$ cat structure-v5.csv   # CSV, C-alpha atoms
chain,number,residue,atom,x,y,z
A,253,MET,CA,48.7,-8.9,67.3
A,254,TYR,CA,50.1,-7.0,64.3
A,255,LYS,CA,52.8,-9.0,62.5
A,256,HIS,CA,54.0,-6.8,59.7
A,257,LEU,CA,53.8,-3.0,59.8
A,258,LEU,CA,53.9,-0.8,56.8
A,259,ILE,CA,55.2,2.7,57.5
A,260,ALA,CA,54.7,5.3,54.8
A,261,THR,CA,57.1,8.3,54.6
A,262,ASP,CA,57.7,11.2,52.3
A,263,GLY,CA,60.6,12.4,54.5
A,264,SER,CA,58.6,15.1,56.1
A,265,GLU,CA,58.5,15.9,59.8
A,266,SER,CA,55.1,14.3,60.4
A,267,SER,CA,56.4,11.2,58.6
A,268,ALA,CA,59.4,11.1,60.9
A,269,LYS,CA,57.0,10.9,63.8
A,270,ALA,CA,55.2,8.0,62.1
A,271,LEU,CA,58.5,6.3,61.5
A,272,ALA,CA,59.6,6.7,65.1
A,273,HIS,CA,56.2,5.4,66.4
A,274,GLY,CA,56.2,2.5,63.9
A,275,LEU,CA,59.7,1.4,64.8
A,276,ALA,CA,59.0,1.5,68.5
A,277,LEU,CA,55.7,-0.3,68.1
A,278,ALA,CA,57.3,-3.0,65.9
A,279,LYS,CA,60.0,-3.5,68.6
A,280,SER,CA,57.3,-3.9,71.3
A,281,LEU,CA,55.3,-6.3,69.2
A,282,ALA,CA,58.3,-8.1,67.6
A,283,ALA,CA,56.7,-7.3,64.2
A,284,GLN,CA,58.3,-7.0,60.8
A,285,VAL,CA,58.6,-3.6,59.2
A,286,THR,CA,58.4,-2.4,55.7
A,287,VAL,CA,58.9,1.3,55.0
A,288,VAL,CA,57.7,2.7,51.8
A,289,THR,CA,58.0,6.0,49.9
A,290,VAL,CA,56.1,6.8,46.8
A,291,THR,CA,56.9,9.2,44.0
A,292,GLU,CA,54.2,10.4,41.7
A,293,PRO,CA,54.1,10.2,37.9
A,294,TRP,CA,55.7,13.1,36.0
A,295,THR,CA,52.4,14.7,34.9
A,296,GLU,CA,51.3,15.0,38.5
A,297,GLY,CA,54.0,17.5,39.5
A,298,THR,CA,54.5,19.4,36.3
A,299,TYR,CA,52.2,21.3,34.1
A,300,ALA,CA,52.2,23.9,31.4
A,301,VAL,CA,54.8,22.3,29.1
A,302,LEU,CA,54.7,19.2,27.0
A,303,PRO,CA,57.2,16.7,28.3
A,304,THR,CA,60.1,15.6,26.2
A,305,PRO,CA,61.7,12.3,26.9
A,306,SER,CA,64.7,13.9,28.4
A,307,MET,CA,62.5,16.0,30.8
A,308,ILE,CA,60.8,12.8,32.0
A,309,GLN,CA,64.2,11.1,32.4
A,310,THR,CA,65.4,14.1,34.4
A,311,TYR,CA,62.3,14.0,36.6
A,312,GLU,CA,62.6,10.2,37.2
A,313,LYS,CA,66.2,10.5,38.1
A,314,ALA,CA,65.4,13.2,40.6
A,315,ALA,CA,62.5,11.3,42.0
A,316,ALA,CA,64.6,8.1,42.4
A,317,GLY,CA,67.4,10.2,44.0
A,318,ASN,CA,64.9,11.8,46.5
A,319,ALA,CA,63.4,8.4,47.4
A,320,ALA,CA,66.9,7.0,47.9
A,321,THR,CA,67.8,9.8,50.3
A,322,ILE,CA,64.6,9.4,52.2
A,323,LEU,CA,65.0,5.6,52.5
A,324,GLU,CA,68.7,6.0,53.6
A,325,GLY,CA,67.5,8.2,56.4
A,326,VAL,CA,64.9,5.5,57.3
A,327,LYS,CA,67.6,2.9,57.4
A,328,ARG,CA,69.7,5.0,59.8
A,329,ALA,CA,66.7,5.6,62.0
A,330,ALA,CA,65.9,1.9,62.0
A,331,ASP,CA,69.5,1.0,62.9
A,332,GLU,CA,69.5,3.5,65.8
A,333,ALA,CA,66.1,2.1,67.0
A,334,GLY,CA,67.5,-1.4,66.7
A,335,THR,CA,64.5,-2.5,64.5
A,336,PRO,CA,65.4,-4.1,61.2
A,337,CYS,CA,63.3,-3.0,58.3
A,338,GLN,CA,62.8,-3.4,54.6
A,339,THR,CA,62.5,-0.3,52.4
A,340,ARG,CA,60.7,0.2,49.2
A,341,HIS,CA,60.4,2.9,46.6
A,342,ILE,CA,57.1,2.8,44.7
A,343,LYS,CA,57.4,4.8,41.4
A,344,ASN,CA,54.9,6.6,39.3
A,345,GLN,CA,51.9,6.1,41.6
A,346,HIS,CA,49.6,8.4,43.5
A,347,ALA,CA,50.8,8.2,47.1
A,348,PRO,CA,47.7,6.7,48.7
A,349,GLU,CA,47.4,4.0,46.0
A,350,GLY,CA,51.1,3.2,46.1
A,351,ILE,CA,51.0,2.9,49.9
A,352,ILE,CA,48.0,0.6,49.9
A,353,LYS,CA,49.4,-1.4,47.1
A,354,ALA,CA,52.7,-1.9,48.9
A,355,ALA,CA,50.8,-2.9,52.1
A,356,LYS,CA,48.8,-5.5,50.1
A,357,GLU,CA,51.9,-6.9,48.3
A,358,ALA,CA,53.9,-7.3,51.5
A,359,GLY,CA,50.9,-8.7,53.4
A,360,CYS,CA,51.0,-6.0,56.1
A,361,ASP,CA,48.3,-5.8,58.7
A,362,LEU,CA,48.8,-2.2,59.9
A,363,ILE,CA,49.6,1.0,58.0
A,364,ILE,CA,51.3,3.8,59.9
A,365,VAL,CA,51.2,7.3,58.5
A,366,GLY,CA,51.8,10.8,59.7
A,367,SER,CA,48.8,13.2,59.8
A,368,HIS,CA,50.4,15.4,57.2
A,369,GLY,CA,53.1,15.0,54.6
A,370,ARG,CA,54.7,17.6,52.5
A,371,GLY,CA,51.5,18.8,50.8
A,372,VAL,CA,49.5,21.8,51.9
A,373,LEU,CA,51.3,21.6,55.2
A,374,GLY,CA,49.7,22.5,58.5
A,375,ARG,CA,46.9,24.4,56.9
A,376,MET,CA,44.7,21.4,56.7
A,377,LEU,CA,43.9,19.6,59.9
A,378,LEU,CA,44.2,16.2,58.3
A,379,GLY,CA,46.3,15.7,55.2
A,380,SER,CA,44.6,14.6,52.0
A,381,ILE,CA,46.8,11.6,51.5
A,382,SER,CA,46.3,10.4,55.1
A,383,LEU,CA,42.6,10.8,54.6
A,384,LYS,CA,42.7,8.8,51.3
A,385,ILE,CA,44.6,6.0,53.0
A,386,LEU,CA,42.2,5.9,55.8
A,387,THR,CA,39.3,5.8,53.4
A,388,PHE,CA,40.6,3.0,51.1
A,389,SER,CA,42.8,0.9,53.4
A,390,PRO,CA,41.6,-2.7,53.9
A,391,VAL,CA,43.7,-2.9,57.1
A,392,ALA,CA,43.9,-0.8,60.3
A,393,VAL,CA,45.6,2.6,60.0
A,394,LEU,CA,47.6,4.3,62.8
A,395,VAL,CA,47.8,8.1,62.2
A,396,CYS,CA,50.6,9.8,64.2
A,397,ARG,CA,51.2,13.5,64.8
B,311,MET,CA,55.4,2.1,73.9
B,312,TYR,CA,51.8,3.0,74.6
B,313,LYS,CA,50.9,2.8,78.3
B,314,HIS,CA,47.2,3.8,78.4
B,315,ILE,CA,44.9,3.1,75.5
B,316,LEU,CA,41.6,4.8,75.1
B,317,ILE,CA,39.1,2.6,73.2
B,318,ALA,CA,36.0,4.3,71.9
B,319,THR,CA,32.8,2.3,71.3
B,320,ASP,CA,29.2,3.0,70.5
B,321,GLY,CA,28.3,-0.7,70.9
B,322,SER,CA,28.1,-1.3,67.1
B,323,GLU,CA,29.6,-4.4,65.5
B,324,LEU,CA,32.4,-2.4,63.9
B,325,ALA,CA,33.2,-0.8,67.2
B,326,GLY,CA,33.5,-4.3,68.6
B,327,LYS,CA,36.5,-4.8,66.2
B,328,ALA,CA,38.2,-1.7,67.7
B,329,VAL,CA,37.6,-3.1,71.2
B,330,ALA,CA,39.1,-6.5,70.2
B,331,ALA,CA,42.1,-4.8,68.5
B,332,GLY,CA,42.6,-2.4,71.4
B,333,PHE,CA,42.6,-5.3,73.9
B,334,ASP,CA,45.0,-7.3,71.8
B,335,LEU,CA,47.3,-4.3,71.6
B,336,ALA,CA,47.0,-3.6,75.3
B,337,ARG,CA,47.9,-7.2,76.1
B,338,SER,CA,50.9,-7.2,73.8
B,339,LEU,CA,52.2,-3.9,75.2
B,340,GLY,CA,51.2,-4.4,78.8
B,341,ALA,CA,49.1,-1.2,78.6
B,342,LYS,CA,46.0,-0.4,80.6
B,343,VAL,CA,42.7,0.5,78.9
B,344,THR,CA,40.0,3.0,79.3
B,345,ALA,CA,36.9,2.3,77.3
B,346,VAL,CA,34.6,5.2,76.6
B,347,THR,CA,31.1,5.5,75.2
B,348,VAL,CA,29.6,8.9,74.5
B,349,THR,CA,25.9,9.9,74.5
B,350,GLU,CA,24.8,13.1,72.9
B,351,PRO,CA,22.9,15.9,74.5
B,352,TRP,CA,19.2,15.8,74.4
B,353,THR,CA,18.8,18.7,72.0
B,354,ALA,CA,21.1,17.0,69.5
B,355,ILE,CA,18.7,14.2,69.1
B,356,VAL,CA,15.3,15.6,69.8
B,357,THR,CA,14.0,18.7,68.2
B,358,GLY,CA,10.7,20.4,67.6
B,359,GLU,CA,7.4,18.8,68.5
B,360,ALA,CA,9.0,15.5,69.2
B,361,ALA,CA,10.5,17.0,72.4
B,362,PHE,CA,7.1,17.1,74.0
B,363,GLY,CA,6.7,13.3,73.7
B,364,PHE,CA,10.2,12.6,74.8
B,365,PRO,CA,11.2,14.6,77.8
B,366,VAL,CA,14.8,15.1,78.9
B,367,GLU,CA,14.4,12.8,81.9
B,368,GLU,CA,13.3,9.9,79.8
B,369,TYR,CA,16.1,10.6,77.3
B,370,GLU,CA,18.7,10.6,80.1
B,371,LYS,CA,17.4,7.4,81.6
B,372,SER,CA,17.5,5.6,78.3
B,373,THR,CA,21.0,6.9,77.3
B,374,ASN,CA,22.3,5.9,80.8
B,375,GLU,CA,20.9,2.4,80.3
B,376,THR,CA,22.3,2.1,76.8
B,377,ALA,CA,25.7,3.3,77.9
B,378,SER,CA,25.9,1.0,80.9
B,379,ARG,CA,24.9,-1.9,78.7
B,380,ILE,CA,27.6,-1.1,76.2
B,381,LEU,CA,30.2,-0.6,78.9
B,382,SER,CA,29.4,-3.7,80.9
B,383,GLY,CA,29.8,-5.7,77.7
B,384,VAL,CA,33.3,-4.2,77.3
B,385,SER,CA,34.1,-4.9,81.0
B,386,ASN,CA,33.1,-8.5,80.6
B,387,LEU,CA,35.3,-8.9,77.6
B,388,ALA,CA,38.2,-7.3,79.5
B,389,ARG,CA,37.7,-9.6,82.4
B,390,LYS,CA,37.8,-12.6,80.1
B,391,ALA,CA,40.9,-11.3,78.3
B,392,ASP,CA,42.5,-10.5,81.7
B,393,ILE,CA,43.0,-6.8,80.9
B,394,SER,CA,42.8,-3.9,83.3
B,395,CYS,CA,40.0,-1.8,81.9
B,396,SER,CA,38.1,1.1,83.3
B,397,THR,CA,35.0,2.5,81.7
B,398,VAL,CA,33.7,6.0,81.2
B,399,HIS,CA,30.3,7.2,80.0
B,400,ALA,CA,30.8,10.7,78.6
B,401,LYS,CA,27.4,12.3,78.7
B,402,ASP,CA,25.9,15.2,76.8
B,403,GLN,CA,28.7,15.5,74.3
B,404,TYR,CA,29.2,15.0,70.6
B,405,PRO,CA,31.0,11.7,70.2
B,406,SER,CA,34.3,13.1,68.8
B,407,GLU,CA,34.5,15.7,71.6
B,408,GLY,CA,33.7,13.3,74.3
B,409,ILE,CA,36.3,10.8,73.0
B,410,LEU,CA,39.0,13.5,72.8
B,411,GLU,CA,38.2,15.0,76.2
B,412,THR,CA,38.2,11.6,77.9
B,413,ALA,CA,41.5,10.8,76.4
B,414,LYS,CA,42.9,14.0,77.7
B,415,LYS,CA,41.5,13.7,81.2
B,416,ASN,CA,42.9,10.2,81.6
B,417,ASN,CA,46.3,10.9,80.1
B,418,CYS,CA,45.9,8.3,77.4
B,419,ASP,CA,48.6,8.0,74.8
B,420,LEU,CA,46.7,6.3,72.0
B,421,ILE,CA,43.1,6.4,70.8
B,422,VAL,CA,41.6,3.3,69.2
B,423,MET,CA,38.3,3.4,67.3
B,424,SER,CA,36.6,1.9,64.3
B,425,SER,CA,36.3,3.6,60.9
B,426,HIS,CA,32.5,3.7,61.4
B,427,GLY,CA,30.0,3.6,64.2
B,428,ARG,CA,26.2,3.1,64.0
B,429,ARG,CA,25.5,5.9,61.5
B,430,GLY,CA,26.1,6.2,57.8
B,431,LEU,CA,27.3,2.6,57.6
B,432,GLY,CA,28.7,1.6,54.4
B,433,ARG,CA,27.5,4.7,52.7
B,434,LEU,CA,30.5,6.7,53.8
B,435,LEU,CA,34.0,5.3,53.3
B,436,LEU,CA,35.2,6.9,56.5
B,437,GLY,CA,32.8,7.8,59.3
B,438,SER,CA,32.3,11.4,60.3
B,439,GLU,CA,33.3,10.9,64.0
B,440,ALA,CA,36.5,9.1,63.0
B,441,ILE,CA,37.4,12.0,60.8
B,442,LYS,CA,36.6,14.5,63.5
B,443,VAL,CA,38.7,12.6,66.1
B,444,LEU,CA,41.6,12.3,63.5
B,445,THR,CA,41.4,16.0,62.8
B,446,HIS,CA,41.4,17.3,66.3
B,447,SER,CA,43.5,14.7,68.2
B,448,ALA,CA,46.9,15.6,69.5
B,449,LEU,CA,47.4,11.8,70.1
B,450,PRO,CA,48.0,9.1,67.6
B,451,VAL,CA,44.8,7.4,66.5
B,452,LEU,CA,44.4,3.8,65.4
B,453,ILE,CA,41.5,3.3,63.1
B,454,CYS,CA,40.3,-0.3,62.8
B,455,ARG,CA,38.0,-1.8,60.2
$ encode --input "structure-v5.csv" --output "C-alpha cells"
Amino acid sequence: MYKHLLIATDGSESSAKALAHGLALAKSLAAQVTVVTVTEPWTEGTYAVLPTPSMIQTYEKAAAGNAATILEGVKRAADEAGTPCQTRHIKNQHAPEGIIKAAKEAGCDLIIVGSHGRGVLGRMLLGSISLKILTFSPVAVLVCR
Amino acid sequence: MYKHILIATDGSELAGKAVAAGFDLARSLGAKVTAVTVTEPWTAIVTGEAAFGFPVEEYEKSTNETASRILSGVSNLARKADISCSTVHAKDQYPSEGILETAKKNNCDLIVMSSHGRRGLGRLLLGSEAIKVLTHSALPVLICR
C-alpha cells in the first residue's frame, strides 16, 4: 500500500484535519510521512508598490517565520500522534506546484490535503489549491474536510 | 482508521485502478468495502425523438445488465483478494449524487474513486463527477489516477 505520504499544510483548520488524517493513516499503514508548507513569491501577495530589496527581505523573513511556526505545530501533532515525520518549507513557489514538486522529490505515493486552505475560505466548495493539486498530481490525492 | 470504504466504479479502466487501490487500502486497514455503480435516469440519456426508439423498459433492462456485469467483476476481484465487499447498484441517479447517497446510507468513512470515468477521458484534467463528489462530500475522498 502507500509507503510515503505527503501532507500539505498552510496551518489552517482544514489543513489540520488533513494532518490528523494523514498521521493516523501513516500509522495504520506504517508509512513514512513528509509534511510540507509552501510560501509564495513576494509578488504574489503584494501589489501596488515596487519592491525594494529590504521589502523583499522583510517579506521573506516573515514567510520563513510563518512556515517555521506552522511546521513546529506539525512536529508537536506528530509527536502526540506517535508518528515520526519530516517537515519541509518550500519557498517562493505557487502552493500547488510546490506541493507536487515536494511529492516528486521525496518519492511520495499519496498526497493528503484539506479541502480548503486559507484562501477564499468556506465560500468556495472546493478550494482552488486543492483543485489544482488534484488536477496536476501524478499520484493519488486524499482530500479531507 | 477507516472502517468502511466506498469504492465508486463505472467499469472503466481508470475506475479499475480505484478498485485496486481501494482493495489494497481495505486490506491494509482491515476495513470492509462497499462498491457502488450508478446508472443515470432514462431522461438524462435519451431525449427527443430517440426516446421513441428506446423505451424506458429497454433502457432499464440494459442498465441493470451493465451494472450487474460491472459489480460481479468487482465481487470476483474481492473474492480473490479475500476482502469483504458488498455491492450496490444506485439506479436513476446522477453519478456523483448516487455515490454520495450510497456512502451516507452505508455509513462509509472514506470514498475512493478515480479522477476520470468513461466520459471526457484525457480531455479534462479532472473528471466532472470527481469534482462534484469532492465538492459535496462531507467525507474524505481519495482520488486515484
$ interface_residues --input "structure-v5.csv" --of "chain B" --to "chain A" --cutoff "12 Å" --atoms "only C-alpha atoms" --output "compact mmCIF listing (two decimals) with C-alpha atoms, in the coordinates of the input"
# COMPACT_ATOMS: atom_id res chain seq x y z
CA MET B 311 55.40 2.10 73.90
CA TYR B 312 51.80 3.00 74.60
CA LYS B 313 50.90 2.80 78.30
CA LYS B 327 36.50 -4.80 66.20
CA ALA B 328 38.20 -1.70 67.70
CA ALA B 330 39.10 -6.50 70.20
CA ALA B 331 42.10 -4.80 68.50
CA GLY B 332 42.60 -2.40 71.40
CA PHE B 333 42.60 -5.30 73.90
CA ASP B 334 45.00 -7.30 71.80
CA LEU B 335 47.30 -4.30 71.60
CA ALA B 336 47.00 -3.60 75.30
CA ARG B 337 47.90 -7.20 76.10
CA SER B 338 50.90 -7.20 73.80
CA LEU B 339 52.20 -3.90 75.20
CA GLY B 340 51.20 -4.40 78.80
CA ALA B 341 49.10 -1.20 78.60
CA ASP B 419 48.60 8.00 74.80
CA LEU B 420 46.70 6.30 72.00
CA ILE B 421 43.10 6.40 70.80
CA VAL B 422 41.60 3.30 69.20
CA MET B 423 38.30 3.40 67.30
CA SER B 424 36.60 1.90 64.30
CA SER B 425 36.30 3.60 60.90
CA HIS B 426 32.50 3.70 61.40
CA GLY B 432 28.70 1.60 54.40
CA ARG B 433 27.50 4.70 52.70
CA LEU B 434 30.50 6.70 53.80
CA LEU B 435 34.00 5.30 53.30
CA LEU B 436 35.20 6.90 56.50
CA GLY B 437 32.80 7.80 59.30
CA SER B 438 32.30 11.40 60.30
CA ALA B 440 36.50 9.10 63.00
CA ILE B 441 37.40 12.00 60.80
CA LYS B 442 36.60 14.50 63.50
CA VAL B 443 38.70 12.60 66.10
CA LEU B 444 41.60 12.30 63.50
CA THR B 445 41.40 16.00 62.80
CA HIS B 446 41.40 17.30 66.30
CA SER B 447 43.50 14.70 68.20
CA ALA B 448 46.90 15.60 69.50
CA LEU B 449 47.40 11.80 70.10
CA PRO B 450 48.00 9.10 67.60
CA VAL B 451 44.80 7.40 66.50
CA LEU B 452 44.40 3.80 65.40
CA ILE B 453 41.50 3.30 63.10
CA CYS B 454 40.30 -0.30 62.80
CA ARG B 455 38.00 -1.80 60.20
$ atom_distance --input "structure-v5.csv" --atom1 "atom CA of Ala360 of chain B" --atom2 "atom CA of Ala325 of chain B"
29.2 Å
$ atom_distance --input "structure-v5.csv" --atom1 "atom CA of Ala319 of chain A" --atom2 "atom CA of Lys343 of chain A"
9.2 Å
$ closest_residue --input "structure-v5.csv" --among "A:Gln309, A:Asn344, A:Ser380, A:Thr339" --to "Val285 of chain A" --atoms "all atoms listed in the file"
A:Thr339
$ atom_distance --input "structure-v5.csv" --atom1 "atom CA of Phe362 of chain B" --atom2 "atom CA of Val348 of chain B"
24.0 Å
$ residues_around --input "structure-v5.csv" --residues "Lys327 of chain A" --least-positions-apart "4" --cutoff "8 Å" --atoms "all atoms listed in the file" --output "list in words"
Leu323, Asp331, Cys337 and Thr339 of chain A
$ residues_around --input "structure-v5.csv" --residues "Asn417 of chain B" --least-positions-apart "6" --cutoff "10 Å" --atoms "all atoms listed in the file" --output "MDAnalysis selection string"
chainID B and resid 313:316 411
$ closest_residue --input "structure-v5.csv" --among "B:Ala318, B:Val366, B:Ala345, B:Ala377" --to "Lys401 of chain B" --atoms "only C-alpha atoms"
B:Ala377
$ closest_residue --input "structure-v5.csv" --among "A:Arg328, A:Lys353, A:His256, A:His368" --to "His341 of chain A" --atoms "only C-alpha atoms"
A:Lys353
$ closest_residue --input "structure-v5.csv" --among "A:Ala355, A:Ala347, A:Ala283, A:Ala272" --to "Gly369 of chain A" --atoms "only C-alpha atoms"
A:Ala347
$ closest_residue --input "structure-v5.csv" --among "B:Asp320, B:Glu407, B:Glu367, B:Glu350" --to "Arg379 of chain B" --atoms "only C-alpha atoms"
B:Asp320
$ residues_around --input "structure-v5.csv" --residues "Thr344 of chain B" --least-positions-apart "2" --cutoff "6 Å" --atoms "only C-alpha atoms" --output "PyMOL selection string"
chain B and resi 316+395-397
$ residues_near_point --input "structure-v5.csv" --point "(15.0, 13.7, 72.4)" --cutoff "12 Å" --atoms "all atoms listed in the file" --output "NGL selection string"
:B and (349-373 or 402)
$ write_last_selection --input "structure-v5.csv" --atoms "C-alpha atoms" --output "mmCIF file, keeping the file's coordinate frame"
data_model
loop_
_atom_site.group_PDB
_atom_site.id
_atom_site.type_symbol
_atom_site.label_atom_id
_atom_site.label_comp_id
_atom_site.auth_asym_id
_atom_site.auth_seq_id
_atom_site.Cartn_x
_atom_site.Cartn_y
_atom_site.Cartn_z
ATOM 1 C CA THR B 349 25.900 9.900 74.500
ATOM 2 C CA GLU B 350 24.800 13.100 72.900
ATOM 3 C CA PRO B 351 22.900 15.900 74.500
ATOM 4 C CA TRP B 352 19.200 15.800 74.400
ATOM 5 C CA THR B 353 18.800 18.700 72.000
ATOM 6 C CA ALA B 354 21.100 17.000 69.500
ATOM 7 C CA ILE B 355 18.700 14.200 69.100
ATOM 8 C CA VAL B 356 15.300 15.600 69.800
ATOM 9 C CA THR B 357 14.000 18.700 68.200
ATOM 10 C CA GLY B 358 10.700 20.400 67.600
ATOM 11 C CA GLU B 359 7.400 18.800 68.500
ATOM 12 C CA ALA B 360 9.000 15.500 69.200
ATOM 13 C CA ALA B 361 10.500 17.000 72.400
ATOM 14 C CA PHE B 362 7.100 17.100 74.000
ATOM 15 C CA GLY B 363 6.700 13.300 73.700
ATOM 16 C CA PHE B 364 10.200 12.600 74.800
ATOM 17 C CA PRO B 365 11.200 14.600 77.800
ATOM 18 C CA VAL B 366 14.800 15.100 78.900
ATOM 19 C CA GLU B 367 14.400 12.800 81.900
ATOM 20 C CA GLU B 368 13.300 9.900 79.800
ATOM 21 C CA TYR B 369 16.100 10.600 77.300
ATOM 22 C CA GLU B 370 18.700 10.600 80.100
ATOM 23 C CA LYS B 371 17.400 7.400 81.600
ATOM 24 C CA SER B 372 17.500 5.600 78.300
ATOM 25 C CA THR B 373 21.000 6.900 77.300
ATOM 26 C CA ASP B 402 25.900 15.200 76.800
#
$ residues_around --input "structure-v5.csv" --residues "Asp262 of chain A" --least-positions-apart "6" --cutoff "8 Å" --atoms "only C-alpha atoms" --output "number ranges by chain"
A: 289-290, 322, 369-370
$ closest_residue --input "structure-v5.csv" --among "B:Val398, B:Leu381, B:Ala388, B:Ala413" --to "Gly321 of chain B" --atoms "all atoms listed in the file"
B:Leu381
